[in-house]
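Undergrad: As input, take structure.pdb (PDB, C-alpha atoms):
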```
ATOM      1  CA  MET C 123     -82.047 -97.166  31.613  1.00  0.00           C
ATOM      2  CA  TRP C 124     -79.112 -99.003  30.033  1.00  0.00           C
ATOM      3  CA  GLY C 125     -77.729 -95.740  28.728  1.00  0.00           C
ATOM      4  CA  LYS C 126     -77.579 -94.244  32.248  1.00  0.00           C
ATOM      5  CA  THR C 127     -76.065 -97.441  33.643  1.00  0.00           C
ATOM      6  CA  LEU C 128     -73.350 -97.505  30.976  1.00  0.00           C
ATOM      7  CA  LEU C 129     -72.620 -93.833  31.616  1.00  0.00           C
ATOM      8  CA  VAL C 130     -72.189 -94.464  35.366  1.00  0.00           C
ATOM      9  CA  VAL C 131     -69.990 -97.530  34.738  1.00  0.00           C
ATOM     10  CA  ALA C 132     -67.860 -95.551  32.283  1.00  0.00           C
ATOM     11  CA  ALA C 133     -67.463 -92.693  34.771  1.00  0.00           C
ATOM     12  CA  PHE C 134     -66.314 -95.091  37.522  1.00  0.00           C
ATOM     13  CA  GLY C 135     -63.935 -96.781  35.062  1.00  0.00           C
ATOM     14  CA  LEU C 136     -62.361 -93.456  34.139  1.00  0.00           C
ATOM     15  CA  ALA C 137     -62.020 -92.498  37.775  1.00  0.00           C
ATOM     16  CA  ALA C 138     -60.278 -95.800  38.483  1.00  0.00           C
ATOM     17  CA  CYS C 139     -57.875 -95.253  35.580  1.00  0.00           C
ATOM     18  CA  GLU C 140     -57.062 -91.765  36.794  1.00  0.00           C
ATOM     19  CA  GLN C 141     -56.481 -93.083  40.327  1.00  0.00           C
ATOM     20  CA  SER C 142     -54.135 -95.842  39.129  1.00  0.00           C
ATOM     21  CA  ALA C 143     -52.247 -93.373  36.941  1.00  0.00           C
ATOM     22  CA  ARG C 144     -51.573 -91.212  39.992  1.00  0.00           C
ATOM     23  CA  LEU C 145     -50.065 -94.182  41.829  1.00  0.00           C
ATOM     24  CA  GLU C 146     -47.388 -94.819  39.199  1.00  0.00           C
ATOM     25  CA  PRO C 147     -43.954 -93.450  40.089  1.00  0.00           C
ATOM     26  CA  LEU C 148     -43.165 -90.129  38.511  1.00  0.00           C
ATOM     27  CA  ARG C 149     -40.270 -89.840  36.097  1.00  0.00           C
ATOM     28  CA  GLU C 150     -37.412 -87.929  37.643  1.00  0.00           C
ATOM     29  CA  GLY C 151     -36.062 -84.816  35.988  1.00  0.00           C
ATOM     30  CA  PRO C 152     -37.656 -81.717  34.564  1.00  0.00           C
ATOM     31  CA  SER C 153     -41.200 -81.888  33.344  1.00  0.00           C
ATOM     32  CA  LEU C 154     -41.787 -81.999  29.606  1.00  0.00           C
ATOM     33  CA  PRO C 155     -43.125 -78.958  27.773  1.00  0.00           C
ATOM     34  CA  GLN C 156     -46.831 -78.911  27.114  1.00  0.00           C
ATOM     35  CA  GLY C 157     -47.772 -81.135  24.194  1.00  0.00           C
ATOM     36  CA  MET C 158     -44.672 -83.344  24.395  1.00  0.00           C
ATOM     37  CA  THR C 159     -44.925 -86.880  25.712  1.00  0.00           C
ATOM     38  CA  ALA C 160     -42.193 -88.969  27.243  1.00  0.00           C
ATOM     39  CA  LEU C 161     -40.998 -91.971  25.293  1.00  0.00           C
ATOM     40  CA  PRO C 162     -39.442 -95.054  26.855  1.00  0.00           C
ATOM     41  CA  ASN C 163     -35.756 -94.860  27.687  1.00  0.00           C
ATOM     42  CA  GLY C 164     -33.511 -96.083  24.919  1.00  0.00           C
ATOM     43  CA  VAL C 165     -35.579 -94.695  22.048  1.00  0.00           C
ATOM     44  CA  ASP C 166     -33.251 -92.974  19.587  1.00  0.00           C
ATOM     45  CA  GLN C 167     -34.877 -89.599  19.047  1.00  0.00           C
ATOM     46  CA  MET C 168     -32.763 -88.922  15.958  1.00  0.00           C
ATOM     47  CA  LEU C 169     -34.157 -92.085  14.361  1.00  0.00           C
ATOM     48  CA  VAL C 170     -37.666 -91.067  15.400  1.00  0.00           C
ATOM     49  CA  GLY C 171     -37.090 -87.654  13.823  1.00  0.00           C
ATOM     50  CA  HIS C 172     -35.779 -89.179  10.586  1.00  0.00           C
ATOM     51  CA  ARG C 173     -38.803 -91.449  10.302  1.00  0.00           C
ATOM     52  CA  LEU C 174     -41.153 -88.547  10.960  1.00  0.00           C
ATOM     53  CA  MET C 175     -39.400 -86.538   8.238  1.00  0.00           C
ATOM     54  CA  ASP C 176     -39.901 -89.471   5.850  1.00  0.00           C
ATOM     55  CA  ALA C 177     -43.592 -89.466   6.795  1.00  0.00           C
ATOM     56  CA  GLY C 178     -43.924 -85.729   6.131  1.00  0.00           C
ATOM     57  CA  GLU C 179     -44.507 -84.899   9.805  1.00  0.00           C
ATOM     58  CA  TYR C 180     -42.027 -82.039  10.004  1.00  0.00           C
ATOM     59  CA  GLU C 181     -43.279 -80.391  13.214  1.00  0.00           C
ATOM     60  CA  LEU C 182     -43.159 -83.732  15.023  1.00  0.00           C
ATOM     61  CA  ALA C 183     -39.712 -84.433  13.568  1.00  0.00           C
ATOM     62  CA  LEU C 184     -38.549 -81.056  14.848  1.00  0.00           C
ATOM     63  CA  ALA C 185     -39.786 -81.983  18.341  1.00  0.00           C
ATOM     64  CA  ALA C 186     -37.967 -85.334  18.164  1.00  0.00           C
ATOM     65  CA  TYR C 187     -34.742 -83.610  17.093  1.00  0.00           C
ATOM     66  CA  LEU C 188     -35.095 -81.182  19.990  1.00  0.00           C
ATOM     67  CA  ARG C 189     -35.510 -84.119  22.380  1.00  0.00           C
ATOM     68  CA  ALA C 190     -32.379 -85.671  20.858  1.00  0.00           C
ATOM     69  CA  ALA C 191     -30.528 -82.414  21.478  1.00  0.00           C
ATOM     70  CA  GLY C 192     -31.708 -82.483  25.082  1.00  0.00           C
ATOM     71  CA  GLU C 193     -30.442 -86.034  25.508  1.00  0.00           C
ATOM     72  CA  ASN C 194     -27.188 -85.897  23.512  1.00  0.00           C
ATOM     73  CA  GLY C 195     -26.359 -82.220  23.232  1.00  0.00           C
ATOM     74  CA  MET C 196     -26.338 -80.000  20.187  1.00  0.00           C
ATOM     75  CA  THR C 197     -24.221 -81.990  17.732  1.00  0.00           C
ATOM     76  CA  ALA C 198     -23.590 -81.233  14.072  1.00  0.00           C
ATOM     77  CA  GLU C 199     -26.000 -84.019  13.100  1.00  0.00           C
ATOM     78  CA  THR C 200     -28.698 -82.674  15.413  1.00  0.00           C
ATOM     79  CA  LEU C 201     -28.290 -79.119  14.139  1.00  0.00           C
ATOM     80  CA  SER C 202     -28.332 -80.352  10.547  1.00  0.00           C
ATOM     81  CA  SER C 203     -31.513 -82.322  11.208  1.00  0.00           C
ATOM     82  CA  LEU C 204     -33.153 -79.333  12.892  1.00  0.00           C
ATOM     83  CA  GLY C 205     -32.171 -77.220   9.905  1.00  0.00           C
ATOM     84  CA  SER C 206     -33.688 -79.756   7.501  1.00  0.00           C
ATOM     85  CA  ALA C 207     -36.968 -79.855   9.423  1.00  0.00           C
ATOM     86  CA  ASN C 208     -37.124 -76.066   9.503  1.00  0.00           C
ATOM     87  CA  LEU C 209     -36.415 -75.965   5.780  1.00  0.00           C
ATOM     88  CA  ARG C 210     -39.392 -78.243   5.134  1.00  0.00           C
ATOM     89  CA  LEU C 211     -41.511 -75.960   7.303  1.00  0.00           C
ATOM     90  CA  GLY C 212     -40.444 -72.968   5.204  1.00  0.00           C
ATOM     91  CA  ARG C 213     -38.357 -71.407   7.961  1.00  0.00           C
ATOM     92  CA  LEU C 214     -35.372 -70.594   5.800  1.00  0.00           C
ATOM     93  CA  GLY C 215     -33.740 -68.163   8.231  1.00  0.00           C
ATOM     94  CA  GLN C 216     -33.779 -70.617  11.121  1.00  0.00           C
ATOM     95  CA  SER C 217     -32.678 -73.416   8.852  1.00  0.00           C
ATOM     96  CA  GLU C 218     -29.713 -71.454   7.527  1.00  0.00           C
ATOM     97  CA  ARG C 219     -28.577 -70.448  11.035  1.00  0.00           C
ATOM     98  CA  GLN C 220     -28.753 -74.036  12.311  1.00  0.00           C
ATOM     99  CA  LEU C 221     -26.905 -75.441   9.315  1.00  0.00           C
ATOM    100  CA  ARG C 222     -24.156 -72.832   9.623  1.00  0.00           C
ATOM    101  CA  GLN C 223     -23.832 -73.724  13.327  1.00  0.00           C
ATOM    102  CA  ALA C 224     -23.540 -77.397  12.382  1.00  0.00           C
ATOM    103  CA  ILE C 225     -20.707 -76.550   9.999  1.00  0.00           C
ATOM    104  CA  GLU C 226     -18.975 -74.531  12.718  1.00  0.00           C
ATOM    105  CA  LEU C 227     -19.136 -77.542  15.036  1.00  0.00           C
ATOM    106  CA  ASP C 228     -17.958 -79.997  12.383  1.00  0.00           C
ATOM    107  CA  PRO C 229     -16.511 -78.414   9.235  1.00  0.00           C
ATOM    108  CA  ASP C 230     -16.296 -81.865   7.598  1.00  0.00           C
ATOM    109  CA  PHE C 231     -19.970 -82.811   8.098  1.00  0.00           C
ATOM    110  CA  VAL C 232     -21.125 -83.280   4.503  1.00  0.00           C
ATOM    111  CA  PRO C 233     -24.916 -83.388   5.139  1.00  0.00           C
ATOM    112  CA  ALA C 234     -24.829 -79.938   6.758  1.00  0.00           C
ATOM    113  CA  TRP C 235     -22.959 -78.499   3.765  1.00  0.00           C
ATOM    114  CA  ASN C 236     -25.391 -80.102   1.342  1.00  0.00           C
ATOM    115  CA  ASN C 237     -28.461 -78.969   3.276  1.00  0.00           C
ATOM    116  CA  LEU C 238     -27.095 -75.429   3.537  1.00  0.00           C
ATOM    117  CA  GLY C 239     -26.764 -75.460  -0.234  1.00  0.00           C
ATOM    118  CA  VAL C 240     -30.414 -76.455  -0.475  1.00  0.00           C
ATOM    119  CA  VAL C 241     -31.430 -73.484   1.693  1.00  0.00           C
ATOM    120  CA  LEU C 242     -29.340 -71.120  -0.383  1.00  0.00           C
ATOM    121  CA  MET C 243     -30.892 -72.465  -3.589  1.00  0.00           C
ATOM    122  CA  GLU C 244     -34.354 -71.855  -2.128  1.00  0.00           C
ATOM    123  CA  ARG C 245     -33.324 -68.266  -1.338  1.00  0.00           C
ATOM    124  CA  GLY C 246     -32.035 -67.735  -4.862  1.00  0.00           C
ATOM    125  CA  GLU C 247     -28.426 -67.307  -3.720  1.00  0.00           C
ATOM    126  CA  TYR C 248     -27.022 -69.494  -6.477  1.00  0.00           C
ATOM    127  CA  GLY C 249     -23.412 -68.281  -6.287  1.00  0.00           C
ATOM    128  CA  GLU C 250     -23.037 -69.111  -2.613  1.00  0.00           C
ATOM    129  CA  ALA C 251     -25.029 -72.318  -3.094  1.00  0.00           C
ATOM    130  CA  ARG C 252     -22.528 -73.320  -5.776  1.00  0.00           C
ATOM    131  CA  ARG C 253     -19.588 -72.747  -3.437  1.00  0.00           C
ATOM    132  CA  VAL C 254     -21.330 -74.672  -0.646  1.00  0.00           C
ATOM    133  CA  PHE C 255     -22.140 -77.617  -2.924  1.00  0.00           C
ATOM    134  CA  GLN C 256     -18.532 -77.602  -4.181  1.00  0.00           C
ATOM    135  CA  GLN C 257     -17.368 -77.880  -0.576  1.00  0.00           C
ATOM    136  CA  ALA C 258     -19.831 -80.730   0.102  1.00  0.00           C
ATOM    137  CA  TYR C 259     -18.739 -82.498  -3.083  1.00  0.00           C
ATOM    138  CA  ALA C 260     -15.049 -82.155  -2.175  1.00  0.00           C
ATOM    139  CA  LEU C 261     -15.575 -83.407   1.380  1.00  0.00           C
ATOM    140  CA  ASP C 262     -17.603 -86.333   0.023  1.00  0.00           C
ATOM    141  CA  SER C 263     -14.848 -87.116  -2.513  1.00  0.00           C
ATOM    142  CA  GLY C 264     -17.473 -87.156  -5.237  1.00  0.00           C
ATOM    143  CA  GLN C 265     -19.053 -90.342  -3.899  1.00  0.00           C
ATOM    144  CA  THR C 266     -22.630 -89.069  -3.771  1.00  0.00           C
ATOM    145  CA  ASP C 267     -24.349 -88.529  -7.098  1.00  0.00           C
ATOM    146  CA  SER C 268     -27.036 -86.337  -5.539  1.00  0.00           C
ATOM    147  CA  ILE C 269     -24.474 -83.779  -4.347  1.00  0.00           C
ATOM    148  CA  ARG C 270     -23.016 -83.666  -7.853  1.00  0.00           C
ATOM    149  CA  GLU C 271     -26.554 -83.108  -9.214  1.00  0.00           C
ATOM    150  CA  ASN C 272     -27.124 -80.317  -6.663  1.00  0.00           C
ATOM    151  CA  LEU C 273     -23.867 -78.686  -7.742  1.00  0.00           C
ATOM    152  CA  ARG C 274     -24.855 -78.990 -11.403  1.00  0.00           C
ATOM    153  CA  LEU C 275     -28.225 -77.348 -10.661  1.00  0.00           C
ATOM    154  CA  ALA C 276     -26.571 -74.505  -8.757  1.00  0.00           C
ATOM    155  CA  ILE C 277     -24.159 -73.873 -11.639  1.00  0.00           C
ATOM    156  CA  ALA C 278     -27.011 -73.929 -14.152  1.00  0.00           C
ATOM    157  CA  ARG C 279     -29.090 -71.551 -12.023  1.00  0.00           C
ATOM    158  CA  MET C 280     -26.161 -69.213 -11.612  1.00  0.00           C
ATOM    159  CA  GLU C 281     -25.526 -69.147 -15.350  1.00  0.00           C
ATOM    160  CA  ASN C 282     -29.215 -68.710 -16.136  1.00  0.00           C
ATOM    161  CA  SER C 283     -29.826 -66.028 -13.506  1.00  0.00           C
ATOM    162  CA  VAL C 284     -30.308 -63.462 -16.259  1.00  0.00           C
ATOM    163  CA  TYR C 285     -33.700 -64.983 -17.010  1.00  0.00           C
ATOM    164  CA  THR C 286     -36.767 -63.735 -15.201  1.00  0.00           C
ATOM    165  CA  GLN C 287     -38.293 -65.768 -12.425  1.00  0.00           C
ATOM    166  CA  ASN C 288     -41.025 -66.864 -14.840  1.00  0.00           C
ATOM    167  CA  HIS C 289     -38.441 -68.765 -16.874  1.00  0.00           C
ATOM    168  CA  ILE C 290     -36.854 -70.521 -13.922  1.00  0.00           C
ATOM    169  CA  ASN C 291     -38.478 -73.482 -12.197  1.00  0.00           C
ATOM    170  CA  ASN C 292     -37.911 -72.936  -8.469  1.00  0.00           C
ATOM    171  CA  SER C 293     -39.529 -76.201  -7.473  1.00  0.00           C
ATOM    172  CA  PHE C 294     -37.133 -78.259  -5.397  1.00  0.00           C
ATOM    173  CA  ASP C 295     -37.703 -81.205  -3.130  1.00  0.00           C
ATOM    174  CA  LEU C 296     -35.636 -82.279  -0.140  1.00  0.00           C
ATOM    175  CA  GLU C 297     -35.168 -86.036   0.084  1.00  0.00           C
ATOM    176  CA  ARG C 298     -33.701 -87.982   3.008  1.00  0.00           C
ATOM    177  CA  ARG C 299     -31.002 -90.406   1.925  1.00  0.00           C
ATOM    178  CA  GLY C 300     -30.192 -91.949   5.331  1.00  0.00           C
ATOM    179  CA  GLY C 301     -27.670 -91.136   7.986  1.00  0.00           C
ATOM    180  CA  GLY C 302     -29.133 -87.659   8.447  1.00  0.00           C
ATOM    181  CA  ARG C 303     -28.400 -86.686   4.824  1.00  0.00           C
ATOM    182  CA  TYR C 304     -30.913 -84.792   2.744  1.00  0.00           C
ATOM    183  CA  VAL C 305     -30.525 -83.995  -0.889  1.00  0.00           C
ATOM    184  CA  LEU C 306     -32.043 -81.390  -3.151  1.00  0.00           C
ATOM    185  CA  LEU C 307     -34.038 -82.792  -6.029  1.00  0.00           C
ATOM    186  CA  ARG C 308     -35.680 -80.805  -8.772  1.00  0.00           C
ATOM    187  CA  THR C 309     -39.346 -81.604  -9.231  1.00  0.00           C
ATOM    188  CA  PRO C 310     -40.971 -81.326 -12.668  1.00  0.00           C
TER     189      PRO C 310
END
```
Kindly present the structure from the file in structure tokens form.

TA:
Amino acid sequence: MWGKTLLVVAAFGLAACEQSARLEPLREGPSLPQGMTALPNGVDQMLVGHRLMDAGEYELALAAYLRAAGENGMTAETLSSLGSANLRLGRLGQSERQLRQAIELDPDFVPAWNNLGVVLMERGEYGEARRVFQQAYALDSGQTDSIRENLRLAIARMENSVYTQNHINNSFDLERRGGGRYVLLRTP
């Protein structure tokens, strides 16, 4: 008896919630794609994306970066962030294209240069990775130790490329350092 009563009360409660939800004013503008939810105005989607990257939620970070692009346009920082998320998802081709676009938009944007170097390292293109890290290091005026370490790794990989893949540890990790910068770290 109580079970049926609770079920009826719950059904009426849900119907009331649905009715009140329909009475709220609709947000103007285009509807969101399926699976994406609107966040309150004023929420910095780039910051949301960075925090999701830190939490290992790369698909959600990618969605946040896309929302940021919709709000602010496709900036070098946005493209670099999209490229970093795609790199973490193993989408090296997409990542490389987005990072190269970021560099085209802002040739002095150090994080895009560094992240492109990471992609190239993952692809085994050590010579180009070395040149890209050299560019990042020069633009950064040598201020970031992690870029210097990335450059050192690229040089070492290039010099040791005569070894077979069994002798080379291809395990790298991308770490967010703030301000949309990600660095390549070698994992043991």

Undergrad: I would like the residues chosen by the PyMOL selection byres ((chain C and resi 219) around 12) on the shown file; could you give them as a PyMOL selection string?

TA: chain C and resi 201-202+204-206+208-209+213-218+220-226+234+237-238+241-242

Undergrad: Nearest to C:Ile269 among C:Thr197, C:Trp235, C:Tyr248, C:Met243, with distances taken over only C-alpha atoms: which residue is it?

TA: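 Closest to C:Ile269 of all the choices is C:Trp235.
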
Undergrad: Once the PyMOL selection byres ((chain C and resi 279) around 9) has been evaluated on this model, what residues remain selected, and can you format them as a PyMOL selection string?

TA: chain C and resi 243+246+248-249+274-278+280-283+290

Undergrad: Evaluate the PyMOL selection byres ((chain C and resi 270) around 12) and record the selected residues as a ChimeraX atom specification, following the chain and residue labels used in the document.

TA: /C:236,239,252,254-269,271-277,305-307

Undergrad: Choose the residue, out of C:Ala251, C:Val170, C:Val240, C:Leu227, that has the smallest atom-to-atom separation from C:Leu182; count all atoms listed in the file.

TA: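 Under the stated criterion, the closest residue is C:Val170.
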